[in-house]
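Trainee: You'll find final-v3.tsv just under this line, and it carries TSV, C-alpha atoms.
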chain	number	residue	atom	x	y	z
A	26	MET	CA	92.47	112.93	22.22
A	27	GLU	CA	95.83	111.20	22.01
A	28	LEU	CA	99.10	113.02	22.80
A	29	SER	CA	102.26	112.52	20.89
A	30	ARG	CA	105.43	111.46	22.66
A	31	ASP	CA	106.87	114.99	22.53
A	32	GLU	CA	103.69	116.45	24.04
A	33	LEU	CA	103.67	113.79	26.75
A	34	ASN	CA	107.31	114.54	27.75
A	35	ALA	CA	106.54	118.24	27.89
A	36	ALA	CA	103.56	117.63	30.17
A	37	LEU	CA	105.68	115.46	32.51
A	38	GLU	CA	108.29	118.19	32.76
A	39	LYS	CA	105.59	120.66	33.83
A	40	VAL	CA	104.37	118.23	36.51
A	41	SER	CA	107.90	117.78	37.91
A	42	VAL	CA	108.27	121.53	38.16
A	43	MET	CA	104.93	121.94	39.96
A	44	PHE	CA	105.49	118.99	42.35
A	45	PRO	CA	109.24	118.51	42.91
A	46	SER	CA	110.53	115.31	44.48
A	47	ALA	CA	110.70	115.29	48.31
A	48	ALA	CA	114.04	113.49	48.31
A	49	ALA	CA	117.30	114.92	47.08
A	50	PRO	CA	119.16	113.12	44.29
A	51	GLU	CA	121.58	110.44	45.38
A	52	ASP	CA	124.60	112.48	44.31
A	53	GLN	CA	123.51	115.23	46.72
A	54	ILE	CA	123.17	113.22	49.95
A	55	GLY	CA	126.75	112.38	50.66
A	56	SER	CA	128.43	113.84	53.75
A	57	MET	CA	126.26	116.61	55.18
A	58	ASP	CA	127.25	119.53	57.39
A	59	SER	CA	125.15	121.76	59.65
A	60	GLN	CA	123.51	123.63	56.76
A	61	PHE	CA	121.40	122.55	53.81
A	62	ARG	CA	123.36	121.62	50.75
A	63	LYS	CA	123.57	124.36	48.19
A	64	ASN	CA	122.78	121.98	45.33
A	65	ALA	CA	119.82	120.35	47.07
A	66	PRO	CA	116.40	121.51	45.92
A	67	LYS	CA	114.89	124.16	48.23
A	68	SER	CA	111.67	122.21	48.53
A	69	GLY	CA	113.48	118.98	49.30
A	70	ARG	CA	114.55	117.70	52.73
A	71	ALA	CA	118.22	117.52	53.59
A	72	ARG	CA	119.93	116.09	56.63
A	73	VAL	CA	121.40	118.20	59.40
A	74	ASP	CA	124.59	117.39	61.23
A	75	SER	CA	123.89	116.05	64.74
A	76	ALA	CA	126.32	118.57	66.21
A	77	ALA	CA	124.08	121.38	65.03
A	78	ARG	CA	120.99	120.11	66.81
A	79	PRO	CA	119.73	122.07	69.83
A	80	PRO	CA	120.67	120.49	73.19
A	81	GLU	CA	117.05	119.67	74.00
A	82	PHE	CA	116.95	117.30	71.01
A	83	ALA	CA	120.13	115.47	71.92
A	84	ARG	CA	119.56	111.97	73.32
A	85	ASN	CA	121.78	110.68	76.05
A	86	ILE	CA	122.39	107.12	74.94
A	87	ARG	CA	125.16	106.51	77.45
A	88	ALA	CA	124.60	104.24	80.39
A	89	PRO	CA	123.53	106.04	83.58
A	90	ALA	CA	126.31	106.91	85.94
A	91	SER	CA	126.83	104.23	88.58
A	92	ARG	CA	126.06	105.16	92.16
A	93	SER	CA	129.08	106.01	94.25
A	94	PRO	CA	129.99	103.19	96.64
A	95	VAL	CA	129.33	103.54	100.34
A	96	ASN	CA	132.32	104.52	102.42
A	97	TYR	CA	131.98	101.92	105.15
A	98	HIS	CA	135.15	103.14	106.86
A	99	GLU	CA	133.37	106.33	107.97
A	100	PHE	CA	130.80	104.16	109.75
A	101	SER	CA	133.25	101.70	111.27
A	102	VAL	CA	135.27	104.49	112.94
A	103	HIS	CA	132.07	105.45	114.80
A	104	GLY	CA	131.60	101.94	116.14
A	105	VAL	CA	129.11	100.73	113.51
A	106	HIS	CA	129.31	96.99	112.84
A	107	GLU	CA	130.55	97.12	109.24
A	108	PRO	CA	129.85	93.49	108.10
A	109	VAL	CA	126.28	93.64	109.42
A	110	LEU	CA	125.75	97.06	107.84
A	111	ARG	CA	126.87	95.66	104.49
A	112	ALA	CA	124.50	92.71	104.83
A	113	ARG	CA	121.53	94.90	105.84
A	114	LEU	CA	122.15	97.23	102.91
A	115	GLU	CA	122.44	94.41	100.39
A	116	SER	CA	119.24	92.79	101.67
A	117	LYS	CA	117.43	96.19	101.50
A	118	ALA	CA	116.68	96.13	105.21
A	119	ILE	CA	118.40	99.54	105.25
A	120	ASP	CA	117.85	102.04	102.45
A	121	VAL	CA	120.61	104.21	101.00
A	122	ALA	CA	118.79	107.49	101.74
A	123	THR	CA	118.76	106.79	105.48
A	124	LEU	CA	122.38	105.64	105.31
A	125	ASN	CA	123.45	108.93	103.73
A	126	ARG	CA	121.46	110.92	106.26
A	127	VAL	CA	123.09	109.18	109.22
A	128	GLN	CA	126.50	109.67	107.63
A	129	ILE	CA	125.87	113.44	107.64
A	130	GLU	CA	124.56	113.30	111.21
A	131	PHE	CA	127.81	111.68	112.35
A	132	GLN	CA	129.53	114.92	111.34
A	133	THR	CA	127.35	116.77	113.86
A	134	HIS	CA	128.29	114.19	116.49
A	135	ASP	CA	132.02	114.65	115.78
A	136	LYS	CA	131.80	118.38	116.53
A	137	LEU	CA	130.74	117.75	120.14
A	138	THR	CA	133.35	118.17	122.84
A	139	GLN	CA	133.93	115.63	125.56
A	140	GLN	CA	132.26	117.91	128.09
A	141	GLU	CA	129.17	118.25	125.90
A	142	LEU	CA	128.99	114.49	125.47
A	143	SER	CA	129.17	114.04	129.25
A	144	GLN	CA	126.31	116.51	129.74
A	145	LEU	CA	124.21	114.72	127.13
A	146	SER	CA	124.91	111.41	128.86
A	147	VAL	CA	123.54	112.80	132.13
A	148	LEU	CA	120.42	114.06	130.31
A	149	ALA	CA	119.98	110.65	128.71
A	150	GLU	CA	120.01	108.93	132.10
A	151	GLN	CA	117.36	111.38	133.34
A	152	ALA	CA	115.25	110.73	130.24
A	153	HIS	CA	115.48	106.96	130.71
A	154	GLN	CA	114.42	107.30	134.35
A	155	LEU	CA	111.44	109.48	133.40
A	156	HIS	CA	110.50	106.89	130.79
A	157	LYS	CA	110.60	104.12	133.41
A	158	ASP	CA	108.48	106.26	135.76
A	159	HIS	CA	105.88	106.68	132.94
A	160	ASP	CA	106.49	110.42	132.68
A	161	ILE	CA	106.01	110.26	128.92
A	162	ALA	CA	105.91	114.01	128.28
A	163	GLY	CA	109.07	114.68	130.28
A	164	ALA	CA	110.96	111.78	128.71
A	165	GLU	CA	109.92	112.81	125.19
A	166	LYS	CA	111.09	116.38	125.76
A	167	LEU	CA	114.52	115.26	126.99
A	168	TYR	CA	114.96	112.70	124.21
A	169	GLU	CA	114.27	115.34	121.58
A	170	GLN	CA	116.60	117.81	123.28
A	171	ILE	CA	119.43	115.25	123.22
A	172	LEU	CA	118.84	114.31	119.56
A	173	GLU	CA	118.99	117.96	118.51
A	174	SER	CA	122.59	118.04	119.75
A	175	ASP	CA	123.56	114.43	119.01
A	176	PRO	CA	121.27	112.96	116.30
A	177	VAL	CA	123.02	109.55	116.34
A	178	ASP	CA	122.49	108.65	120.00
A	179	PHE	CA	121.22	105.08	119.59
A	180	ASP	CA	119.45	104.73	122.95
A	181	CYS	CA	117.56	107.99	122.48
A	182	LEU	CA	116.60	107.11	118.90
A	183	ASN	CA	115.37	103.69	119.94
A	184	ASN	CA	113.54	104.73	123.11
A	185	LEU	CA	111.91	107.78	121.56
A	186	GLY	CA	110.79	105.59	118.67
A	187	LYS	CA	109.09	103.16	121.07
A	188	LEU	CA	107.53	106.05	122.98
A	189	LEU	CA	106.10	107.68	119.85
A	190	TYR	CA	104.88	104.35	118.48
A	191	ALA	CA	102.92	103.80	121.70
A	192	LYS	CA	101.36	107.24	121.16
A	193	GLY	CA	100.33	106.32	117.61
A	194	GLN	CA	102.85	108.58	115.83
A	195	THR	CA	103.96	105.88	113.42
A	196	ASP	CA	105.62	108.11	110.81
A	197	ARG	CA	107.99	109.70	113.31
A	198	ALA	CA	108.63	106.34	114.95
A	199	ARG	CA	109.58	104.86	111.58
A	200	ASP	CA	112.11	107.62	110.95
A	201	LEU	CA	113.73	107.10	114.37
A	202	PHE	CA	113.93	103.31	114.08
A	203	ASP	CA	115.35	103.60	110.54
A	204	ARG	CA	118.18	105.80	111.80
A	205	ALA	CA	118.75	103.66	114.90
A	206	LEU	CA	119.13	100.56	112.71
A	207	VAL	CA	121.91	102.26	110.73
A	208	VAL	CA	123.75	103.23	113.92
A	209	ARG	CA	123.40	99.71	115.37
A	210	PRO	CA	122.54	97.35	112.48
A	211	GLU	CA	123.23	94.28	114.63
A	212	ARG	CA	120.41	95.12	117.06
A	213	GLU	CA	117.67	92.80	115.84
A	214	LYS	CA	115.18	93.96	118.45
A	215	THR	CA	115.31	97.43	116.90
A	216	MET	CA	114.65	95.77	113.56
A	217	TYR	CA	111.63	94.05	115.10
A	218	HIS	CA	110.23	97.39	116.31
A	219	LEU	CA	110.76	98.91	112.86
A	220	ALA	CA	108.98	95.96	111.25
A	221	ARG	CA	105.98	96.45	113.56
A	222	VAL	CA	105.77	100.11	112.57
A	223	LEU	CA	106.03	99.24	108.87
A	224	TYR	CA	103.20	96.73	109.23
A	225	ASP	CA	100.96	99.41	110.72
A	226	LEU	CA	101.93	101.70	107.82
A	227	LYS	CA	100.93	98.90	105.38
A	228	SER	CA	104.47	98.53	104.05
A	229	TYR	CA	104.05	94.78	104.13
A	230	GLU	CA	106.92	93.66	101.89
A	231	ARG	CA	109.66	95.39	103.84
A	232	SER	CA	107.98	94.50	107.13
A	233	LYS	CA	108.04	90.83	106.15
A	234	LEU	CA	111.70	91.13	105.11
A	235	LEU	CA	112.71	92.55	108.49
A	236	PHE	CA	110.72	89.97	110.46
A	237	GLU	CA	112.37	87.18	108.48
A	238	GLN	CA	115.83	88.58	109.23
A	239	VAL	CA	115.01	88.67	112.96
A	240	VAL	CA	114.11	84.97	112.78
A	241	GLN	CA	117.26	84.16	110.81
A	242	GLY	CA	119.38	86.04	113.33
A	243	TYR	CA	117.81	84.18	116.25
A	244	LYS	CA	118.59	80.87	114.56
A	245	GLY	CA	122.17	81.97	113.85
A	246	GLU	CA	121.72	81.92	110.08
A	247	ILE	CA	122.90	85.54	109.70
A	248	ILE	CA	125.14	87.83	111.75
A	249	GLY	CA	123.38	89.90	114.37
A	250	ASP	CA	122.68	90.56	118.03
A	251	LYS	CA	120.34	87.70	118.87
A	252	CYS	CA	117.02	88.85	120.29
A	253	ASP	CA	115.30	87.28	123.30
A	254	GLN	CA	112.92	84.33	122.96
A	255	HIS	CA	109.78	86.36	123.55
A	256	THR	CA	110.67	88.79	120.75
A	257	TYR	CA	111.41	85.79	118.54
A	258	HIS	CA	107.94	84.38	119.23
A	259	ASN	CA	106.37	87.79	118.62
A	260	THR	CA	108.15	87.90	115.27
A	261	ILE	CA	106.78	84.53	114.19
A	262	ALA	CA	103.30	85.58	115.29
A	263	MET	CA	103.60	88.74	113.16
A	264	LEU	CA	104.76	86.69	110.18
A	265	GLY	CA	101.67	84.53	110.66
A	266	LEU	CA	99.50	87.65	110.68
A	267	ILE	CA	101.06	88.82	107.41
A	268	GLN	CA	100.39	85.45	105.80
A	269	GLN	CA	96.84	85.58	107.13
A	270	GLN	CA	95.87	89.19	106.42
A	271	VAL	CA	97.93	90.03	103.34
A	272	TYR	CA	98.53	86.79	101.45
A	273	LYS	CA	95.41	84.92	102.65
A	274	ASP	CA	97.51	81.80	103.24
A	275	TYR	CA	95.61	80.49	106.27
A	276	SER	CA	97.36	77.12	106.43
A	277	LYS	CA	100.81	78.72	106.59
A	278	ALA	CA	99.60	81.16	109.23
A	279	GLU	CA	98.22	78.26	111.30
A	280	SER	CA	101.56	76.44	111.12
A	281	LEU	CA	103.44	79.55	112.30
A	282	TYR	CA	101.08	80.01	115.26
A	283	ALA	CA	101.56	76.34	116.14
A	284	VAL	CA	105.33	76.86	116.37
A	285	VAL	CA	104.86	79.64	118.92
A	286	LEU	CA	102.09	78.03	120.99
A	287	SER	CA	103.93	74.72	121.24
A	288	ALA	CA	106.77	76.52	123.04
A	289	GLU	CA	104.68	79.19	124.82
A	290	PRO	CA	101.00	78.13	125.17
A	291	ASP	CA	99.91	81.46	126.67
A	292	HIS	CA	101.58	83.68	124.09
A	293	VAL	CA	99.07	86.54	123.81
A	294	LEU	CA	100.01	87.77	120.34
A	295	ALA	CA	99.82	84.32	118.74
A	296	LEU	CA	96.51	83.55	120.49
A	297	ASP	CA	95.02	86.86	119.41
A	298	HIS	CA	96.07	86.37	115.78
A	299	ARG	CA	94.79	82.80	115.80
A	300	SER	CA	91.39	83.94	117.11
A	301	ALA	CA	91.17	86.25	114.08
A	302	LEU	CA	92.11	83.32	111.84
A	303	LEU	CA	89.34	81.16	113.32
A	304	ALA	CA	86.84	83.98	112.78
A	305	ARG	CA	87.85	84.29	109.13
A	306	ARG	CA	87.41	80.54	108.71
A	307	GLY	CA	83.86	80.77	110.04
A	308	GLN	CA	84.57	79.20	113.45
A	309	GLY	CA	82.92	82.01	115.39
A	310	LYS	CA	82.37	80.26	118.74
A	311	GLU	CA	85.93	78.94	118.93
A	312	ALA	CA	87.28	82.37	117.96
A	313	ALA	CA	85.22	84.15	120.63
A	314	ALA	CA	86.31	81.69	123.33
A	315	LEU	CA	89.96	82.11	122.35
A	316	HIS	CA	89.62	85.89	122.40
A	317	ARG	CA	88.13	85.78	125.91
A	318	ARG	CA	91.21	83.84	126.95
A	319	VAL	CA	93.41	86.56	125.43
A	320	CYS	CA	91.56	89.27	127.39
A	321	ALA	CA	92.01	87.27	130.59
A	322	LEU	CA	95.76	86.96	129.98
A	323	ASP	CA	96.23	90.63	129.05
A	324	ALA	CA	94.18	93.12	131.08
A	325	HIS	CA	95.05	95.97	128.67
A	326	HIS	CA	94.24	94.04	125.50
A	327	THR	CA	91.02	95.93	124.85
A	328	LYS	CA	93.00	99.18	124.53
A	329	LYS	CA	95.19	97.80	121.74
A	330	PRO	CA	94.57	97.11	118.03
A	331	CYS	CA	92.89	93.71	117.74
A	332	PRO	CA	92.92	91.56	114.57
A	333	TYR	CA	90.03	89.52	115.98
A	334	LEU	CA	87.74	92.56	116.12
A	335	ASP	CA	88.93	93.59	112.66
A	336	SER	CA	87.98	90.15	111.35
A	337	LEU	CA	84.41	90.62	112.61
A	338	PHE	CA	84.02	93.74	110.46
A	339	PRO	CA	86.07	93.29	107.28
A	340	SER	CA	86.46	96.20	104.91
A	341	ASP	CA	84.03	94.65	102.41
A	342	SER	CA	81.30	94.10	105.00
A	343	ASP	CA	77.82	95.54	104.41
A	344	ALA	CA	77.82	96.75	108.01
A	345	LEU	CA	80.41	99.37	107.15
A	346	HIS	CA	79.70	102.45	105.08
A	347	PRO	CA	81.87	105.39	104.10
A	348	VAL	CA	81.92	108.18	106.64
A	349	ARG	CA	81.20	111.67	105.36
A	350	PRO	CA	83.81	114.14	106.64
A	351	MET	CA	82.46	116.71	109.08
A	352	GLN	CA	83.81	119.57	106.95
A	353	ARG	CA	81.73	118.36	104.02
A	354	ARG	CA	78.66	118.02	106.20
A	355	ILE	CA	79.10	121.61	107.38
A	356	GLU	CA	79.48	122.86	103.82
A	357	GLU	CA	76.29	121.08	102.79
A	358	TRP	CA	74.34	122.46	105.75
A	359	SER	CA	70.81	123.60	105.11
A	360	PRO	CA	67.94	124.77	107.36
A	361	ARG	CA	66.13	121.54	106.66
A	362	PHE	CA	69.15	119.59	107.92
A	363	ALA	CA	68.97	121.54	111.18
A	364	GLU	CA	65.20	121.25	111.54
A	365	GLY	CA	65.06	117.55	110.80
A	366	ALA	CA	62.99	115.62	108.28
A	367	ALA	CA	59.64	117.30	109.04
A	368	PRO	CA	58.16	119.03	105.95
A	369	LYS	CA	57.97	122.79	106.00
A	370	HIS	CA	54.62	124.07	107.31
A	371	TRP	CA	53.35	127.13	109.06
A	372	SER	CA	52.72	125.08	112.21
A	373	ASN	CA	56.39	124.15	112.67
A	374	HIS	CA	57.94	127.39	111.54
A	375	PRO	CA	60.78	128.38	113.92
A	376	LEU	CA	59.33	131.85	114.59
A	377	ARG	CA	55.91	130.40	115.40
A	378	ARG	CA	57.44	127.81	117.73
A	379	SER	CA	59.33	130.49	119.62
A	380	ALA	CA	56.16	132.63	119.90
A	381	LEU	CA	54.15	129.67	121.23
A	382	ALA	CA	56.90	128.93	123.73
A	383	LYS	CA	56.75	132.45	125.11
A	384	ARG	CA	52.95	132.38	125.33
A	385	TRP	CA	52.98	129.04	127.13
A	386	SER	CA	55.65	130.18	129.59
A	387	ASN	CA	53.35	133.11	130.59
A	388	HIS	CA	50.13	131.06	130.65
A	389	PRO	CA	48.19	131.26	133.96
A	390	LEU	CA	47.69	127.51	134.17
A	391	ARG	CA	51.42	126.95	133.89
Re-express the file's structure as structure tokens.
Mentor:
Amino acid sequence: MELSRDELNAALEKVSVMFPSAAAPEDQIGSMDSQFRKNAPKSGRARVDSAARPPEFARNIRAPASRSPVNYHEFSVHGVHEPVLRARLESKAIDVATLNRVQIEFQTHDKLTQQELSQLSVLAEQAHQLHKDHDIAGAEKLYEQILESDPVDFDCLNNLGKLLYAKGQTDRARDLFDRALVVRPEREKTMYHLARVLYDLKSYERSKLLFEQVVQGYKGEIIGDKCDQHTYHNTIAMLGLIQQQVYKDYSKAESLYAVVLSAEPDHVLALDHRSALLARRGQGKEAAALHRRVCALDAHHTKKPCPYLDSLFPSDSDALHPVRPMQRRIEEWSPRFAEGAAPKHWSNHPLRRSALAKRWSNHPLR
């Protein structure tokens, strides 16, 4: 059945009424305000002024606010080496969070009277003497007492950090060395201690950065309080260990150990790390002989972490297996676990065993 033109136009008008257009006519989408246009179709979609949008829909397209600059003058008035502090901060050897914390702690220091500072100085001398006499508990107690009153005492921060690191409290030692490095950023030996702690905490990138700055300071390439030769050799040996353990660059590690051993043939740290390197390269006999030499040079070496022993049992070795925590073993306890692997039977029932034991203890022949 064919429709005439008039019938077709009438049908199209009915369709437009049933399904109106989703877009408003062009003459109705000029400048919009916060409400729908009165002339726009109710079923259509009109724009809304951005000022009328709820705050949660507003997008902040502005650039983030720049971080306020560090007021280096507040540090320099407390005797902090300002040029070195700037260099350490720019090289990321010192983080901004620790810098801000120490800046607040200087305010606590400024509130102390001269008499209180003199009393804390006497306590510090006593703590240092206890530390030298190996009274670790007494020295630790005095160091903490001093830092509660004066949290920016460099010697106490540094010595307590070394004391806690020797006890295996690496997290607390890291915090103390971080703060000590802000108070005395030129002290490269403190930076060496912090780098050792960071290596144990597996923060290898920053540890490597600090070790490299110790080497550069020893060579005079950057400003700093030059460390002694033995610390310099320890630093190179640690850089070799990072190249060996982390980056698997054995040739670079070997060259670093050669630098140390050419100047100090009996350097224990370099020899120990090199024995681990030989073990990783499959030279087991040479590695074992070198490790025996290390033990002969250092009587306390067996009580310290040893890369050579770690190289004998790498983490991917079949000899190692995951250890089930004791708490989990207790939760999974069962009578069979307590009785062993023997199958349940009337002959090995616990009550029967106890009865037999009593009978045997009263037997005439016994």
Trainee: Do you have the atom CA of Ile267 of chain A-atom CA of Val319 of chain A distance handy?
Mentor: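 Those two atoms sit 19.7 Å apart.
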Trainee: Quick one: distance from atom CA of Ser300 of chain A to atom CA of Ala313 of chain A in Å, one decimal?
Mentor: 7.1 Å
Trainee: Please indicate the distance in Å from atom CA of Val109 of chain A to atom CA of Asp196 of chain A, rounded to one decimal place.
Mentor: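 Distance reported for this atom pair: 25.3 Å.
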Trainee: Compile the contact shell of segment 175-188 of chain A as a PyMOL selection string: residues with an atom at most 7 Å away, counting only C-alpha atoms, same-chain residues fewer than 3 positions apart removed.
Mentor: chain A and resi 130-131+133-134+165+168+171-172+191-192+198+201-202+205+208+215
Trainee: Restricting the output to C-alpha atoms, write the selected residues as a compact mmCIF listing (two decimals), in the frame of the given file.
Mentor:
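Just written: part31.txt:
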# COMPACT_ATOMS: atom_id res chain seq x y z
CA GLU A 130 124.56 113.30 111.21
CA PHE A 131 127.81 111.68 112.35
CA THR A 133 127.35 116.77 113.86
CA HIS A 134 128.29 114.19 116.49
CA GLU A 165 109.92 112.81 125.19
CA TYR A 168 114.96 112.70 124.21
CA ILE A 171 119.43 115.25 123.22
CA LEU A 172 118.84 114.31 119.56
CA ALA A 191 102.92 103.80 121.70
CA LYS A 192 101.36 107.24 121.16
CA ALA A 198 108.63 106.34 114.95
CA LEU A 201 113.73 107.10 114.37
CA PHE A 202 113.93 103.31 114.08
CA ALA A 205 118.75 103.66 114.90
CA VAL A 208 123.75 103.23 113.92
CA THR A 215 115.31 97.43 116.90
Trainee: Rank nothing, just name the residue among A:Glu211, A:Glu230, A:Glu289, A:Glu279 nearest to Arg113 of chain A, using only C-alpha atoms.
Mentor: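 Selected residue with least distance to Arg113 of chain A: A:Glu211.
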Trainee: Which residues are close to Arg306 of chain A, i.e. within 12 Å by only C-alpha atoms, leaving aside same-chain residues fewer than 5 positions away? Reply as an MDAnalysis selection string.
Mentor: chainID A and resid 269 273:276 279 299:301 311:312 333 336:337
Trainee: Would you mind completing segment 121-129 of chain A so that it carries all heavy atoms, and writing it out as an mmCIF file, keeping the file's coordinate frame?
Mentor:
data_model
loop_
_atom_site.group_PDB
_atom_site.id
_atom_site.type_symbol
_atom_site.label_atom_id
_atom_site.label_comp_id
_atom_site.auth_asym_id
_atom_site.auth_seq_id
_atom_site.Cartn_x
_atom_site.Cartn_y
_atom_site.Cartn_z
ATOM 1 N N VAL A 121 119.434 103.349 101.195
ATOM 2 C CA VAL A 121 120.610 104.210 101.000
ATOM 3 C C VAL A 121 120.336 105.631 101.483
ATOM 4 O O VAL A 121 121.235 106.301 102.006
ATOM 5 C CB VAL A 121 121.000 104.213 99.508
ATOM 6 C CG1 VAL A 121 122.212 105.111 99.276
ATOM 7 C CG2 VAL A 121 121.315 102.805 99.039
ATOM 8 N N ALA A 122 119.104 106.123 101.320
ATOM 9 C CA ALA A 122 118.790 107.490 101.740
ATOM 10 C C ALA A 122 119.015 107.674 103.237
ATOM 11 O O ALA A 122 119.610 108.668 103.683
ATOM 12 C CB ALA A 122 117.354 107.839 101.354
ATOM 13 N N THR A 123 118.554 106.714 104.031
ATOM 14 C CA THR A 123 118.760 106.790 105.480
ATOM 15 C C THR A 123 120.231 106.663 105.821
ATOM 16 O O THR A 123 120.741 107.323 106.733
ATOM 17 C CB THR A 123 117.958 105.696 106.190
ATOM 18 O OG1 THR A 123 116.585 105.771 105.795
ATOM 19 C CG2 THR A 123 118.046 105.834 107.694
ATOM 20 N N LEU A 124 120.945 105.813 105.085
ATOM 21 C CA LEU A 124 122.380 105.640 105.310
ATOM 22 C C LEU A 124 123.125 106.958 105.087
ATOM 23 O O LEU A 124 123.968 107.352 105.903
ATOM 24 C CB LEU A 124 122.915 104.555 104.368
ATOM 25 C CG LEU A 124 124.319 104.039 104.650
ATOM 26 C CD1 LEU A 124 124.286 103.090 105.841
ATOM 27 C CD2 LEU A 124 124.883 103.325 103.436
ATOM 28 N N ASN A 125 122.804 107.652 104.009
ATOM 29 C CA ASN A 125 123.450 108.930 103.730
ATOM 30 C C ASN A 125 123.101 109.984 104.778
ATOM 31 O O ASN A 125 123.939 110.806 105.155
ATOM 32 C CB ASN A 125 123.051 109.424 102.341
ATOM 33 C CG ASN A 125 123.565 108.515 101.242
ATOM 34 O OD1 ASN A 125 124.573 107.825 101.405
ATOM 35 N ND2 ASN A 125 122.877 108.502 100.116
ATOM 36 N N ARG A 126 121.859 109.951 105.240
ATOM 37 C CA ARG A 126 121.460 110.920 106.260
ATOM 38 C C ARG A 126 122.231 110.713 107.552
ATOM 39 O O ARG A 126 122.715 111.674 108.159
ATOM 40 C CB ARG A 126 119.958 110.801 106.509
ATOM 41 C CG ARG A 126 119.454 111.737 107.590
ATOM 42 C CD ARG A 126 117.986 111.561 107.862
ATOM 43 N NE ARG A 126 117.548 112.393 108.969
ATOM 44 C CZ ARG A 126 116.318 112.388 109.468
ATOM 45 N NH1 ARG A 126 115.389 111.608 108.939
ATOM 46 N NH2 ARG A 126 115.996 113.164 110.490
ATOM 47 N N VAL A 127 122.360 109.462 107.976
ATOM 48 C CA VAL A 127 123.090 109.180 109.220
ATOM 49 C C VAL A 127 124.563 109.526 109.057
ATOM 50 O O VAL A 127 125.213 109.998 110.008
ATOM 51 C CB VAL A 127 122.896 107.705 109.610
ATOM 52 C CG1 VAL A 127 123.772 107.342 110.796
ATOM 53 C CG2 VAL A 127 121.435 107.428 109.944
ATOM 54 N N GLN A 128 125.095 109.330 107.870
ATOM 55 C CA GLN A 128 126.500 109.670 107.630
ATOM 56 C C GLN A 128 126.737 111.177 107.831
ATOM 57 O O GLN A 128 127.755 111.583 108.385
ATOM 58 C CB GLN A 128 126.883 109.268 106.206
ATOM 59 C CG GLN A 128 128.350 109.453 105.891
ATOM 60 C CD GLN A 128 128.709 108.901 104.527
ATOM 61 O OE1 GLN A 128 127.870 108.404 103.809
ATOM 62 N NE2 GLN A 128 129.978 108.999 104.173
ATOM 63 N N ILE A 129 125.779 111.994 107.421
ATOM 64 C CA ILE A 129 125.870 113.440 107.640
ATOM 65 C C ILE A 129 125.693 113.772 109.124
ATOM 66 O O ILE A 129 126.377 114.652 109.671
ATOM 67 C CB ILE A 129 124.823 114.167 106.786
ATOM 68 C CG1 ILE A 129 125.120 113.965 105.302
ATOM 69 C CG2 ILE A 129 124.788 115.654 107.120
ATOM 70 C CD1 ILE A 129 124.047 114.505 104.387
#
